[in-house]
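S.K.: Handing you this structure, nothing more for now.
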Amino acid sequence: MPLENQELRKAGLKVTLPRVKIYQILERAQEGDHFSAEAIYKMLMELGEDVGLATVYRVLTQFEAAGLVTRHHFEGGHSVFELSRDEEHDHIVCVKSGIVKEFSDPRLNELLEEIATKMGFALTDRTIYLYGVYQGDKVKK
């Protein structure tokens, strides 16, 4: 049985063609890719799949409720989805194009833990969104 069918069943969802196709798109995403419902809809159309935009929204909402995906809401009402993962990571968003990249930095993780501890907290979760203008391949290493 394909992995996506197993994941859908484990989440208590019936295996349907739209759910499988949408899950496959999210599963095959390059690391760090995040997709809006509209982008997923366009990919389905390019693949020749007859799945309406309303169905894409409905399936993503079902996936979110089942814990399969995480929805990120960014300024300006921009929402993107990614498969849920256990690892901590943060996001940087281009204010012009809406491109979303994710990053993880052990130094930042340690600093946040240190700050929380100093303030008498034990971190249980966090959300960090950085905003800027994407510079493409001009990224400094």
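To be explicit about the labels: the chains of the structure tokens are called A, B, and onward in the order shown, and within each one the residues are counted from 1, while ligands get numbers from 1 in the order they are shown.
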Near Gly132 of chain A, counting only C-alpha atoms, which residues have an atom at most 8 Å away, once you skip same-chain residues fewer than 6 positions from it, shown as a list in words?
M.R.: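 Final neighbour list, sorted by chain and number: Ile92, Val93, Cys94 and Val95 of chain A.
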S.K.: For all heavy atoms, I'd like the residues from the last selection saved as a PDB file, in the first residue's frame.
M.R.:
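Saved result, out.pdb, follows:
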ATOM      1  N   ILE A  92      11.160  32.454   6.496  1.00  0.00           N
ATOM      2  CA  ILE A  92      11.426  33.808   6.018  1.00  0.00           C
ATOM      3  C   ILE A  92      10.580  33.990   4.756  1.00  0.00           C
ATOM      4  O   ILE A  92      10.515  33.102   3.909  1.00  0.00           O
ATOM      5  CB  ILE A  92      12.935  34.065   5.776  1.00  0.00           C
ATOM      6  CG1 ILE A  92      13.181  35.528   5.444  1.00  0.00           C
ATOM      7  CG2 ILE A  92      13.521  33.124   4.750  1.00  0.00           C
ATOM      8  CD1 ILE A  92      14.631  35.964   5.603  1.00  0.00           C
ATOM      9  N   VAL A  93       9.896  35.132   4.679  1.00  0.00           N
ATOM     10  CA  VAL A  93       8.894  35.372   3.640  1.00  0.00           C
ATOM     11  C   VAL A  93       9.270  36.613   2.838  1.00  0.00           C
ATOM     12  O   VAL A  93       9.586  37.658   3.414  1.00  0.00           O
ATOM     13  CB  VAL A  93       7.505  35.596   4.286  1.00  0.00           C
ATOM     14  CG1 VAL A  93       6.432  35.792   3.223  1.00  0.00           C
ATOM     15  CG2 VAL A  93       7.151  34.455   5.224  1.00  0.00           C
ATOM     16  N   CYS A  94       9.218  36.493   1.507  1.00  0.00           N
ATOM     17  CA  CYS A  94       9.460  37.644   0.646  1.00  0.00           C
ATOM     18  C   CYS A  94       8.196  38.498   0.617  1.00  0.00           C
ATOM     19  O   CYS A  94       7.116  38.007   0.282  1.00  0.00           O
ATOM     20  CB  CYS A  94       9.826  37.204  -0.770  1.00  0.00           C
ATOM     21  SG  CYS A  94      10.088  38.621  -1.877  1.00  0.00           S
ATOM     22  N   VAL A  95       8.339  39.769   0.977  1.00  0.00           N
ATOM     23  CA  VAL A  95       7.189  40.669   1.028  1.00  0.00           C
ATOM     24  C   VAL A  95       6.710  41.080  -0.360  1.00  0.00           C
ATOM     25  O   VAL A  95       5.601  41.606  -0.502  1.00  0.00           O
ATOM     26  CB  VAL A  95       7.479  41.933   1.881  1.00  0.00           C
ATOM     27  CG1 VAL A  95       7.711  41.553   3.333  1.00  0.00           C
ATOM     28  CG2 VAL A  95       8.658  42.714   1.332  1.00  0.00           C
TER      29      VAL A  95
END
S.K.: Within 6 Å of segment 31-44 of chain A, counting only C-alpha atoms, which residues qualify if same-chain residues fewer than 3 places away don't, as a PyMOL selection string?
M.R.: chain A and resi 47+49+53+80-82+101-102
S.K.: Calculated over only C-alpha atoms, which of the candidates A:Thr127, A:Ser84, A:Gln30, A:Ser104 has the smallest distance to Val69 of chain A?
M.R.: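 Counting only C-alpha atoms, the residue closest to Val69 of chain A is A:Ser84.
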S.K.: Which polymer residues have any atom within 10 Å of an atom of segment 63-65 of chain A, counting only C-alpha atoms, with same-chain residues fewer than 4 positions away left out, as number ranges by chain?
M.R.: A: 8, 11, 13, 19, 22-23, 57-59, 69-71, 81-84
S.K.: Rounded to one decimal place, report the atom CA of Gly136 of chain A-atom CA of Glu87 of chain A distance in Å.
M.R.: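 Computed distance, atom CA of Gly136 of chain A to atom CA of Glu87 of chain A, equals 25.4 Å.
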S.K.: Using only C-alpha atoms, which of A:Lys21, A:Arg28, A:Gly12, A:Thr61 sits nearest Gly48 of chain A?
M.R.: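 Answer, going by the shortest atom-to-atom distance: A:Lys21.
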S.K.: Suppose you want the space between atom CA of Leu68 of chain A and atom CA of Ile99 of chain A; what is it in Å?
M.R.: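 That distance, rounded to one decimal, is 22.0 Å.
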S.K.: When DSSP is applied to the backbone of this structure, which of chain A are assigned helix (DSSP H, G or I)? Write them out as a PyMOL selection string.
M.R.: chain A and resi 3-10+17-27+37-46+53-66+75-77+106-118+136-138
S.K.: DSSP says strand (DSSP E or B) for which residues of chain A? Put them as JSON, numbers by chain?
M.R.: {"A": [35, 69, 70, 71, 72, 73, 74, 78, 79, 80, 81, 82, 83, 90, 91, 92, 93, 94, 100, 101, 102, 103, 129, 130, 131, 132]}
S.K.: Please measure the separation of atom CA of Tyr129 of chain A and atom CA of Gln24 of chain A, giving the value in Å to one decimal.
M.R.: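 Interatomic distance here is 26.2 Å.
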S.K.: Please determine, counting only C-alpha atoms, which residue among A:Thr55, A:Thr16, A:Gln135, A:Gln6 has the shortest atom-to-atom distance to Lys96 of chain A.
M.R.: A:Gln135
